[in-house]
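K.L.:
For reference, this is query_11.pdb, and it has PDB, C-alpha atoms.
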```pdb
ATOM      1  CA  MET D   3     -26.732 -19.353 -38.565
ATOM      2  CA  ILE D   4     -24.831 -20.297 -41.722
ATOM      3  CA  PRO D   5     -25.574 -23.805 -43.068
ATOM      4  CA  GLY D   6     -22.643 -26.206 -42.618
ATOM      5  CA  VAL D   7     -20.886 -23.966 -40.082
ATOM      6  CA  ASP D   8     -20.164 -25.592 -36.731
ATOM      7  CA  TYR D   9     -21.745 -23.917 -33.672
ATOM      8  CA  HIS D  10     -21.852 -26.810 -31.219
ATOM      9  CA  GLN D  11     -20.192 -25.749 -27.946
ATOM     10  CA  ARG D  12     -18.834 -27.973 -25.192
ATOM     11  CA  TYR D  13     -18.666 -26.802 -21.567
ATOM     12  CA  TRP D  14     -15.828 -27.683 -19.223
ATOM     13  CA  GLU D  15     -18.153 -29.347 -16.689
ATOM     14  CA  ASP D  16     -19.341 -31.826 -19.318
ATOM     15  CA  VAL D  17     -15.895 -33.155 -20.198
ATOM     16  CA  ALA D  18     -14.558 -36.458 -18.846
ATOM     17  CA  GLU D  19     -10.900 -37.422 -18.820
ATOM     18  CA  GLY D  20     -10.293 -40.259 -21.278
ATOM     19  CA  GLU D  21     -12.970 -38.968 -23.663
ATOM     20  CA  GLU D  22     -12.067 -39.434 -27.329
ATOM     21  CA  LEU D  23     -12.242 -36.764 -30.021
ATOM     22  CA  ALA D  24     -14.015 -37.489 -33.300
ATOM     23  CA  PRO D  25     -11.307 -38.743 -35.705
ATOM     24  CA  VAL D  26     -10.734 -36.892 -38.989
ATOM     25  CA  GLU D  27      -9.360 -38.237 -42.274
ATOM     26  CA  ASP D  28      -8.165 -35.834 -44.964
ATOM     27  CA  GLU D  29      -6.972 -36.824 -48.409
ATOM     28  CA  ILE D  30      -3.837 -34.925 -49.256
ATOM     29  CA  THR D  31      -3.770 -34.485 -53.013
ATOM     30  CA  TYR D  32      -1.092 -32.552 -54.914
ATOM     31  CA  ARG D  33      -3.690 -29.780 -55.218
ATOM     32  CA  ARG D  34      -4.089 -29.688 -51.440
ATOM     33  CA  VAL D  35      -0.328 -29.460 -50.830
ATOM     34  CA  VAL D  36      -0.046 -26.592 -53.315
ATOM     35  CA  MET D  37      -2.758 -24.815 -51.297
ATOM     36  CA  ASN D  38      -0.039 -24.507 -48.603
ATOM     37  CA  PRO D  39       1.992 -21.849 -50.457
ATOM     38  CA  ALA D  40      -1.254 -20.215 -51.660
ATOM     39  CA  THR D  41      -2.856 -19.840 -48.237
ATOM     40  CA  THR D  42       0.221 -19.370 -46.017
ATOM     41  CA  TRP D  43       2.573 -17.438 -48.367
ATOM     42  CA  ASP D  44       5.215 -20.093 -47.613
ATOM     43  CA  TYR D  45       6.966 -20.661 -50.949
ATOM     44  CA  PHE D  46       9.551 -23.126 -49.648
ATOM     45  CA  PRO D  47       9.954 -25.449 -52.681
ATOM     46  CA  GLY D  48       9.456 -28.634 -50.618
ATOM     47  CA  HIS D  49       5.735 -27.723 -50.718
ATOM     48  CA  HIS D  50       5.358 -27.195 -54.479
ATOM     49  CA  ASP D  51       8.363 -28.623 -56.386
ATOM     50  CA  PRO D  52       8.666 -32.456 -56.434
ATOM     51  CA  GLU D  53      12.174 -32.250 -57.967
ATOM     52  CA  TYR D  54      13.373 -30.155 -55.037
ATOM     53  CA  ALA D  55      11.732 -32.512 -52.523
ATOM     54  CA  LYS D  56      13.477 -35.501 -54.168
ATOM     55  CA  ALA D  57      16.849 -33.720 -54.024
ATOM     56  CA  GLN D  58      16.165 -33.274 -50.280
ATOM     57  CA  GLY D  59      15.774 -37.044 -49.961
ATOM     58  CA  GLN D  60      11.942 -36.970 -49.797
ATOM     59  CA  PRO D  61       9.706 -38.944 -52.203
ATOM     60  CA  THR D  62       7.685 -35.895 -53.315
ATOM     61  CA  ILE D  63       6.202 -32.620 -52.003
ATOM     62  CA  TYR D  64       4.899 -32.593 -48.449
ATOM     63  CA  ILE D  65       2.600 -30.400 -46.357
ATOM     64  CA  ASN D  66       4.038 -27.522 -44.340
ATOM     65  CA  THR D  67       4.029 -26.977 -40.585
ATOM     66  CA  MET D  68       1.129 -24.518 -40.716
ATOM     67  CA  HIS D  69      -1.079 -27.113 -42.447
ATOM     68  CA  PHE D  70      -0.299 -29.632 -39.669
ATOM     69  CA  LEU D  71      -1.046 -26.955 -37.068
ATOM     70  CA  GLY D  72      -4.310 -26.011 -38.789
ATOM     71  CA  PHE D  73      -5.364 -29.683 -38.884
ATOM     72  CA  ILE D  74      -4.560 -30.072 -35.163
ATOM     73  CA  ASP D  75      -6.422 -26.833 -34.323
ATOM     74  CA  ARG D  76      -9.423 -28.057 -36.318
ATOM     75  CA  LEU D  77      -9.483 -31.394 -34.478
ATOM     76  CA  ALA D  78      -9.297 -29.658 -31.077
ATOM     77  CA  THR D  79     -11.776 -26.840 -31.683
ATOM     78  CA  ALA D  80     -14.279 -28.970 -33.651
ATOM     79  CA  TRP D  81     -14.488 -31.072 -30.477
ATOM     80  CA  GLY D  82     -14.453 -28.131 -28.045
ATOM     81  CA  GLY D  83     -16.610 -25.767 -30.075
ATOM     82  CA  PRO D  84     -16.067 -22.329 -31.642
ATOM     83  CA  ALA D  85     -15.816 -20.488 -28.293
ATOM     84  CA  SER D  86     -12.852 -22.599 -27.157
ATOM     85  CA  PHE D  87      -9.377 -21.041 -27.114
ATOM     86  CA  ILE D  88      -6.068 -22.824 -27.629
ATOM     87  CA  THR D  89      -3.724 -21.597 -24.880
ATOM     88  CA  ARG D  90      -0.802 -23.857 -25.781
ATOM     89  CA  ARG D  91       0.039 -26.308 -28.515
ATOM     90  CA  LYS D  92       3.175 -28.419 -28.814
ATOM     91  CA  MET D  93       3.932 -30.546 -31.859
ATOM     92  CA  SER D  94       6.920 -32.401 -33.185
ATOM     93  CA  MET D  95       7.677 -33.655 -36.677
ATOM     94  CA  ARG D  96       8.432 -37.365 -36.855
ATOM     95  CA  HIS D  97       7.475 -38.044 -40.445
ATOM     96  CA  SER D  98       6.115 -36.010 -43.343
ATOM     97  CA  ILE D  99       2.711 -36.252 -45.000
ATOM     98  CA  TYR D 100       3.248 -36.406 -48.771
ATOM     99  CA  ALA D 101       1.005 -35.652 -51.717
ATOM    100  CA  GLY D 102      -0.995 -38.847 -52.235
ATOM    101  CA  ASP D 103      -1.169 -39.662 -48.517
ATOM    102  CA  THR D 104      -4.200 -39.638 -46.223
ATOM    103  CA  MET D 105      -3.804 -37.638 -43.017
ATOM    104  CA  VAL D 106      -5.553 -39.234 -40.024
ATOM    105  CA  GLY D 107      -6.132 -37.219 -36.859
ATOM    106  CA  GLN D 108      -7.136 -38.722 -33.507
ATOM    107  CA  GLY D 109      -7.203 -37.405 -29.994
ATOM    108  CA  ARG D 110      -8.343 -37.828 -26.413
ATOM    109  CA  VAL D 111      -8.676 -35.847 -23.210
ATOM    110  CA  VAL D 112      -5.797 -36.664 -20.879
ATOM    111  CA  ARG D 113      -6.378 -34.043 -18.193
ATOM    112  CA  LYS D 114      -9.019 -31.606 -16.991
ATOM    113  CA  TYR D 115      -7.766 -28.750 -14.811
ATOM    114  CA  THR D 116      -7.968 -25.082 -13.910
ATOM    115  CA  ASP D 117      -5.305 -22.447 -13.434
ATOM    116  CA  GLU D 118      -5.283 -18.794 -12.425
ATOM    117  CA  PRO D 119      -2.794 -16.704 -14.379
ATOM    118  CA  GLY D 120      -3.065 -13.112 -13.186
ATOM    119  CA  GLY D 121      -5.967 -14.031 -10.878
ATOM    120  CA  ARG D 122      -8.308 -15.081 -13.724
ATOM    121  CA  THR D 123      -9.591 -18.665 -13.510
ATOM    122  CA  ARG D 124      -9.196 -20.612 -16.739
ATOM    123  CA  HIS D 125     -11.066 -23.888 -17.306
ATOM    124  CA  LEU D 126      -8.756 -26.093 -19.332
ATOM    125  CA  VAL D 127      -8.423 -29.515 -20.861
ATOM    126  CA  GLU D 128      -5.238 -31.124 -22.106
ATOM    127  CA  LEU D 129      -5.658 -33.065 -25.326
ATOM    128  CA  GLU D 130      -3.266 -35.623 -26.739
ATOM    129  CA  ILE D 131      -3.524 -35.575 -30.525
ATOM    130  CA  THR D 132      -1.823 -37.743 -33.114
ATOM    131  CA  VAL D 133      -1.535 -37.244 -36.849
ATOM    132  CA  GLU D 134      -0.798 -40.457 -38.718
ATOM    133  CA  ASN D 135      -0.626 -41.418 -42.368
ATOM    134  CA  GLN D 136      -2.722 -44.131 -44.069
ATOM    135  CA  ASP D 137      -0.227 -46.802 -42.940
ATOM    136  CA  GLY D 138      -0.697 -45.942 -39.266
ATOM    137  CA  GLN D 139       2.740 -44.331 -39.121
ATOM    138  CA  LEU D 140       2.931 -41.568 -36.503
ATOM    139  CA  CYS D 141       3.813 -38.326 -38.304
ATOM    140  CA  VAL D 142       3.062 -35.642 -35.718
ATOM    141  CA  PRO D 143       2.338 -36.129 -32.016
ATOM    142  CA  ALA D 144       0.838 -33.016 -30.416
ATOM    143  CA  THR D 145      -0.428 -31.729 -27.085
ATOM    144  CA  VAL D 146      -3.118 -29.042 -27.023
ATOM    145  CA  HIS D 147      -4.286 -27.099 -23.978
ATOM    146  CA  LEU D 148      -7.776 -25.834 -24.678
ATOM    147  CA  GLU D 149      -9.708 -23.287 -22.628
ATOM    148  CA  LEU D 150     -13.455 -24.015 -22.539
ATOM    149  CA  PRO D 151     -16.339 -21.927 -21.267
ATOM    150  CA  ALA D 152     -17.667 -23.021 -17.873
ATOM    151  CA  ARG D 153     -21.288 -22.975 -16.687
ATOM    152  CA  GLN D 154     -20.290 -22.055 -13.149
ATOM    153  CA  ALA D 155     -19.390 -18.413 -12.572
ATOM    154  CA  SER D 156     -15.655 -18.202 -11.923
TER     155      SER D 156
ATOM    156  CA  MET H  14      28.475 -15.010 -45.809
ATOM    157  CA  ALA H  15      24.887 -14.875 -47.061
ATOM    158  CA  THR H  16      23.983 -16.223 -50.463
ATOM    159  CA  VAL H  17      20.674 -16.719 -52.204
ATOM    160  CA  ASP H  18      20.105 -20.427 -52.579
ATOM    161  CA  GLU H  19      18.891 -21.225 -56.114
ATOM    162  CA  GLY H  20      16.777 -24.128 -54.921
ATOM    163  CA  THR H  21      14.983 -22.648 -51.955
ATOM    164  CA  GLY H  22      14.859 -19.056 -53.210
ATOM    165  CA  TYR H  23      15.697 -18.071 -49.646
ATOM    166  CA  GLU H  24      18.728 -16.170 -48.522
ATOM    167  CA  ILE H  25      20.650 -18.643 -46.376
ATOM    168  CA  ALA H  26      23.719 -17.685 -44.372
ATOM    169  CA  PHE H  27      26.586 -20.179 -44.487
ATOM    170  CA  GLY H  28      29.230 -20.457 -41.809
ATOM    171  CA  THR H  29      30.652 -22.569 -39.025
ATOM    172  CA  PHE H  30      29.065 -23.878 -35.833
ATOM    173  CA  GLU H  31      31.154 -21.342 -33.849
ATOM    174  CA  GLU H  32      29.758 -18.456 -35.923
ATOM    175  CA  ALA H  33      26.242 -19.803 -35.365
ATOM    176  CA  LYS H  34      26.790 -20.057 -31.586
ATOM    177  CA  ALA H  35      27.802 -16.392 -31.566
ATOM    178  CA  MET H  36      24.255 -15.474 -32.681
ATOM    179  CA  VAL H  37      22.627 -17.030 -29.594
ATOM    180  CA  GLY H  38      20.921 -14.345 -27.499
ATOM    181  CA  GLN H  39      20.696 -11.807 -30.329
ATOM    182  CA  ALA H  40      17.196 -10.411 -30.892
ATOM    183  CA  THR H  41      15.906  -8.888 -34.120
ATOM    184  CA  PRO H  42      14.333  -5.429 -34.305
ATOM    185  CA  VAL H  43      10.504  -5.307 -34.119
ATOM    186  CA  ARG H  44       9.042  -6.262 -37.499
ATOM    187  CA  PHE H  45       5.387  -5.646 -38.455
ATOM    188  CA  GLY H  46       3.405  -7.905 -40.783
ATOM    189  CA  ARG H  47       2.584  -6.770 -44.308
ATOM    190  CA  VAL H  48      -1.150  -7.278 -43.752
ATOM    191  CA  GLU H  49      -3.624  -6.972 -40.916
ATOM    192  CA  VAL H  50      -5.482 -10.084 -39.773
ATOM    193  CA  ASN H  51      -8.233 -10.335 -42.390
ATOM    194  CA  ALA H  52     -11.269 -12.470 -43.233
ATOM    195  CA  PRO H  53     -10.378 -13.458 -46.843
ATOM    196  CA  MET H  54      -7.062 -14.991 -45.744
ATOM    197  CA  ILE H  55      -8.674 -16.664 -42.702
ATOM    198  CA  GLN H  56     -11.306 -18.266 -44.928
ATOM    199  CA  HIS H  57      -8.814 -19.215 -47.647
ATOM    200  CA  PHE H  58      -6.715 -21.046 -45.010
ATOM    201  CA  SER H  59      -9.840 -22.664 -43.501
ATOM    202  CA  MET H  60     -10.750 -23.900 -46.981
ATOM    203  CA  MET H  61      -7.451 -25.806 -47.078
ATOM    204  CA  THR H  62      -7.971 -27.332 -43.618
ATOM    205  CA  GLU H  63     -11.759 -27.725 -44.203
ATOM    206  CA  ASP H  64     -12.405 -26.137 -40.829
ATOM    207  CA  ALA H  65     -16.077 -25.142 -40.312
ATOM    208  CA  ASN H  66     -15.441 -23.252 -37.017
ATOM    209  CA  ALA H  67     -18.089 -20.504 -36.668
ATOM    210  CA  SER H  68     -15.452 -18.089 -35.334
ATOM    211  CA  TYR H  69     -13.790 -18.095 -38.781
ATOM    212  CA  TRP H  70     -16.919 -17.925 -40.969
ATOM    213  CA  ASP H  71     -19.849 -16.274 -39.146
ATOM    214  CA  GLU H  72     -19.200 -12.609 -38.438
ATOM    215  CA  GLU H  73     -22.287 -12.189 -36.246
ATOM    216  CA  TYR H  74     -21.311 -15.158 -34.060
ATOM    217  CA  ALA H  75     -17.644 -14.115 -33.945
ATOM    218  CA  VAL H  76     -18.376 -10.471 -33.048
ATOM    219  CA  ALA H  77     -20.585 -11.629 -30.157
ATOM    220  CA  THR H  78     -17.950 -14.113 -28.952
ATOM    221  CA  TRP H  79     -14.585 -12.427 -29.665
ATOM    222  CA  GLY H  80     -15.360  -8.916 -30.919
ATOM    223  CA  ALA H  81     -14.522  -9.846 -34.533
ATOM    224  CA  LEU H  82     -13.855 -12.837 -36.776
ATOM    225  CA  VAL H  83     -10.700 -14.513 -35.480
ATOM    226  CA  SER H  84      -7.748 -16.266 -37.079
ATOM    227  CA  PRO H  85      -7.037 -19.970 -36.648
ATOM    228  CA  PRO H  86      -4.110 -20.153 -34.186
ATOM    229  CA  ALA H  87      -2.167 -22.009 -36.910
ATOM    230  CA  MET H  88      -2.024 -18.789 -38.965
ATOM    231  CA  LEU H  89       0.166 -16.988 -36.405
ATOM    232  CA  MET H  90       3.214 -17.056 -38.697
ATOM    233  CA  VAL H  91       1.161 -16.205 -41.790
ATOM    234  CA  TRP H  92       0.444 -12.685 -40.492
ATOM    235  CA  LEU H  93       4.178 -11.945 -40.543
ATOM    236  CA  MET H  94       5.003 -13.416 -43.962
ATOM    237  CA  PRO H  95       6.931 -10.961 -46.137
ATOM    238  CA  LEU H  96       6.235 -10.446 -49.842
ATOM    239  CA  GLU H  97       8.912 -11.883 -52.128
ATOM    240  CA  TRP H  98       8.836  -8.818 -54.383
ATOM    241  CA  ASP H  99       7.692  -5.263 -54.048
ATOM    242  CA  PRO H 100       8.103  -2.162 -56.280
ATOM    243  CA  GLU H 101      10.838  -0.764 -54.047
ATOM    244  CA  GLY H 102      12.932  -3.775 -55.023
ATOM    245  CA  SER H 103      13.582  -4.720 -51.417
ATOM    246  CA  ARG H 104      14.318  -8.376 -50.757
ATOM    247  CA  PRO H 105      12.418  -9.887 -47.843
ATOM    248  CA  GLU H 106      14.333 -10.477 -44.644
ATOM    249  CA  PRO H 107      14.724 -14.248 -44.515
ATOM    250  CA  LEU H 108      13.509 -16.083 -41.436
ATOM    251  CA  LEU H 109      15.942 -15.670 -38.561
ATOM    252  CA  THR H 110      16.655 -19.420 -38.560
ATOM    253  CA  ALA H 111      17.874 -19.176 -42.176
ATOM    254  CA  ARG H 112      20.193 -16.332 -41.228
ATOM    255  CA  VAL H 113      22.066 -18.437 -38.667
ATOM    256  CA  PRO H 114      25.423 -19.208 -40.353
ATOM    257  CA  LEU H 115      25.837 -22.998 -40.643
ATOM    258  CA  PRO H 116      27.114 -25.457 -43.266
ATOM    259  CA  GLY H 117      23.709 -27.065 -44.032
ATOM    260  CA  THR H 118      22.204 -26.225 -47.428
ATOM    261  CA  THR H 119      18.574 -26.957 -46.534
ATOM    262  CA  PHE H 120      16.252 -27.313 -43.543
ATOM    263  CA  VAL H 121      13.119 -28.996 -42.194
ATOM    264  CA  ASN H 122      11.038 -28.072 -39.175
ATOM    265  CA  ALA H 123      11.467 -30.355 -36.135
ATOM    266  CA  SER H 124       9.079 -29.031 -33.473
ATOM    267  CA  THR H 125       6.897 -26.069 -32.560
ATOM    268  CA  ASP H 126       5.633 -25.042 -29.111
ATOM    269  CA  THR H 127       3.273 -22.068 -29.009
ATOM    270  CA  GLU H 128       1.580 -20.282 -26.130
ATOM    271  CA  PHE H 129      -1.358 -18.006 -26.969
ATOM    272  CA  PHE H 130      -2.379 -15.099 -24.752
ATOM    273  CA  ALA H 131      -5.000 -13.289 -26.866
ATOM    274  CA  PRO H 132      -7.076 -14.141 -29.934
ATOM    275  CA  MET H 133      -5.981 -12.742 -33.315
ATOM    276  CA  ARG H 134      -8.945 -10.696 -34.489
ATOM    277  CA  VAL H 135      -9.696  -9.188 -37.892
ATOM    278  CA  GLY H 136      -8.077  -5.747 -37.911
ATOM    279  CA  ASP H 137      -5.230  -6.680 -35.545
ATOM    280  CA  HIS H 138      -1.790  -5.795 -36.894
ATOM    281  CA  LEU H 139       0.845  -8.122 -35.473
ATOM    282  CA  ASN H 140       4.550  -7.612 -34.994
ATOM    283  CA  VAL H 141       7.295 -10.046 -34.052
ATOM    284  CA  VAL H 142      10.668 -10.081 -32.332
ATOM    285  CA  GLU H 143      12.797 -13.176 -32.990
ATOM    286  CA  GLU H 144      15.723 -14.495 -30.999
ATOM    287  CA  VAL H 145      18.132 -17.420 -31.455
ATOM    288  CA  VAL H 146      17.944 -19.452 -28.245
ATOM    289  CA  ASP H 147      20.184 -22.417 -29.039
ATOM    290  CA  VAL H 148      22.259 -24.093 -31.746
ATOM    291  CA  SER H 149      22.936 -27.787 -31.091
ATOM    292  CA  GLU H 150      26.159 -29.688 -31.588
ATOM    293  CA  GLU H 151      26.369 -31.592 -34.876
ATOM    294  CA  LYS H 152      23.736 -34.373 -35.008
ATOM    295  CA  LYS H 153      23.139 -37.181 -37.468
ATOM    296  CA  THR H 154      19.540 -38.008 -38.436
ATOM    297  CA  ALA H 155      17.878 -40.065 -41.174
ATOM    298  CA  LEU H 156      17.885 -36.941 -43.367
ATOM    299  CA  GLY H 157      21.555 -36.106 -42.971
ATOM    300  CA  VAL H 158      24.041 -34.364 -40.732
ATOM    301  CA  GLY H 159      23.401 -30.924 -39.309
ATOM    302  CA  HIS H 160      22.377 -28.764 -36.385
ATOM    303  CA  PHE H 161      19.118 -28.073 -34.550
ATOM    304  CA  VAL H 162      18.433 -24.337 -34.337
ATOM    305  CA  THR H 163      16.001 -23.157 -31.625
ATOM    306  CA  THR H 164      14.363 -19.736 -31.971
ATOM    307  CA  LEU H 165      11.875 -17.862 -29.804
ATOM    308  CA  SER H 166       9.430 -15.529 -31.571
ATOM    309  CA  THR H 167       7.323 -13.112 -29.525
ATOM    310  CA  TYR H 168       4.202 -11.751 -31.230
ATOM    311  CA  ARG H 169       2.402  -8.595 -30.143
ATOM    312  CA  ARG H 170      -0.547  -6.561 -31.344
ATOM    313  CA  GLN H 171      -0.202  -2.928 -32.475
ATOM    314  CA  ASP H 172      -1.380  -1.792 -29.002
ATOM    315  CA  GLY H 173       1.404  -3.788 -27.319
ATOM    316  CA  GLN H 174      -0.795  -6.666 -26.095
ATOM    317  CA  LEU H 175       1.174  -9.946 -26.026
ATOM    318  CA  VAL H 176      -0.464 -12.381 -28.474
ATOM    319  CA  ALA H 177       1.811 -15.431 -28.601
ATOM    320  CA  LYS H 178       5.227 -16.877 -27.851
ATOM    321  CA  ASN H 179       6.504 -19.467 -30.277
ATOM    322  CA  THR H 180       9.521 -21.710 -29.724
ATOM    323  CA  ASN H 181      10.585 -23.395 -32.924
ATOM    324  CA  VAL H 182      13.246 -26.044 -33.537
ATOM    325  CA  LEU H 183      14.497 -26.418 -37.074
ATOM    326  CA  PHE H 184      16.982 -28.968 -38.466
ATOM    327  CA  ARG H 185      19.525 -27.312 -40.745
ATOM    328  CA  PHE H 186      21.320 -30.031 -42.689
ATOM    329  CA  GLY H 187      23.124 -31.300 -45.751
ATOM    330  CA  ALA H 188      22.623 -34.716 -47.327
ATOM    331  CA  GLU H 189      26.426 -35.177 -47.297
ATOM    332  CA  GLU H 190      28.654 -35.591 -44.274
ATOM    333  CA  GLU H 191      29.859 -32.279 -42.933
ATOM    334  CA  GLY H 192      33.480 -31.433 -43.638
ATOM    335  CA  SER H 193      33.593 -33.802 -46.621
TER     336      SER H 193
END
```
Output the file's structure in the form of structure tokens.
P.N.:
Amino acid sequence: MIPGVDYHQRYWEDVAEGEELAPVEDEITYRRVVMNPATTWDYFPGHHDPEYAKAQGQPTIYINTMHFLGFIDRLATAWGGPASFITRRKMSMRHSIYAGDTMVGQGRVVRKYTDEPGGRTRHLVELEITVENQDGQLCVPATVHLELPARQAS
Amino acid sequence: MATVDEGTGYEIAFGTFEEAKAMVGQATPVRFGRVEVNAPMIQHFSMMTEDANASYWDEEYAVATWGALVSPPAMLMVWLMPLEWDPEGSRPEPLLTARVPLPGTTFVNASTDTEFFAPMRVGDHLNVVEEVVDVSEEKKTALGVGHFVTTLSTYRRQDGQLVAKNTNVLFRFGAEEEGS
């Protein structure tokens, strides 16, 4: 066990529809936005050059899609636990998160279900996740389908 | 016509809506990533997102659970990122969406829908095939006038195992009215 690392695992049987995920708030500094090109090799200037972002009609640099996706994945799997597997994730961009903003993630369980692709039973939950800025403006709505381990043998 | 845009540093193809529509249904050849899925890049990304998931940080846990440390799903596209320079002097192939000939000088992502079929484990070497699925009629948004370009990217492992299918919609636009 590594200190600080998250091992807590949720089982499908223990989930209730309507359950809320622990909310997360992340401060998005200029430094954090510039980590986007560094960690994703995405050098699109909207993520490191404020002059370019302004010419695009944006107030300053903004986080990239992969950062949003990573934040959504974190929210889902921190709730589900490290053995959970994202089978599908849909997100749409309504508004950007800019350097200087705070990114607020919230979510809840909207459905608990099973399916059987190729004869294998999967125990799934559907999560509705929202990413807002500090003003409560919806930036990214997302849906995540998460496969959880089940106690019952399938 | 393809020109290198000074601002974005990306090679963007310019053309008409009709030329863009002609690309619908075309698939790219199989392209492999420059790097294998690897722990330093997984942990560098997880630093940015402050994600403490044991599957990204604890090799012993991850080997027992998945067979190896695994990548955050969000890094799918990272494993296919080209280098911007190499000693051979080859320029990276721009993203397929940027190669669709349209008038717009810049772009923003609109939506992403991804299905995952297998975890991305350290040592996996991913490849991708991209296809243009749709180019919308001209649309006006708060950002400007342009077209929505939908692409489907299919990711596989070196052994052929399907890893993910990603449908992406990107808004290709100019701040000015088209045709002006």
K.L.:
Give the residues of chain H that lie within 7 Å of chain D; count only C-alpha atoms, and format the answer as a ChimeraX atom specification.
P.N.:
/H:20-21,54,57-58,61-62,64-68,71,78,85,87-88,91,94,122-130,156
K.L.:
Tell me which residues come within 12 Å of (-16.6, -32.1, -20.8), as JSON, numbers by chain, counting only C-alpha atoms in the file's coordinates.
P.N.:
{"D": [11, 12, 13, 14, 15, 16, 17, 18, 19, 20, 21, 22, 23, 81, 82, 83, 110, 111, 112, 113, 114, 115, 125, 126, 127, 128, 129, 148, 149, 150, 151, 152, 153]}
K.L.:
Using only C-alpha atoms, find the one residue out of H:Glu49, H:Glu31, H:Glu143, H:Glu151 that sits nearest to Gly187 (chain H).
P.N.:
H:Glu151
K.L.:
What is the distance, in Å and to one decimal place, between CA of Gln108 (chain D) and CA of Tyr64 (chain D)?
P.N.:
20.1 Å
K.L.:
Using all atoms listed in the file for the distances, tell me which of D:Thr116, D:Gln154, D:Thr62, D:Gln136 is nearest to Tyr100 (chain D).
P.N.:
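Looking at the shortest contact to Tyr100 (chain D), the residue is D:Thr62.
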K.L.:
Applying the PyMOL selection byres ((chain H and resi 116) around 8) to the file I just gave you, which residues come out? Please list them as a PyMOL selection string.
P.N.:
chain H and resi 27-30+114-115+117-118+159+186-187+191
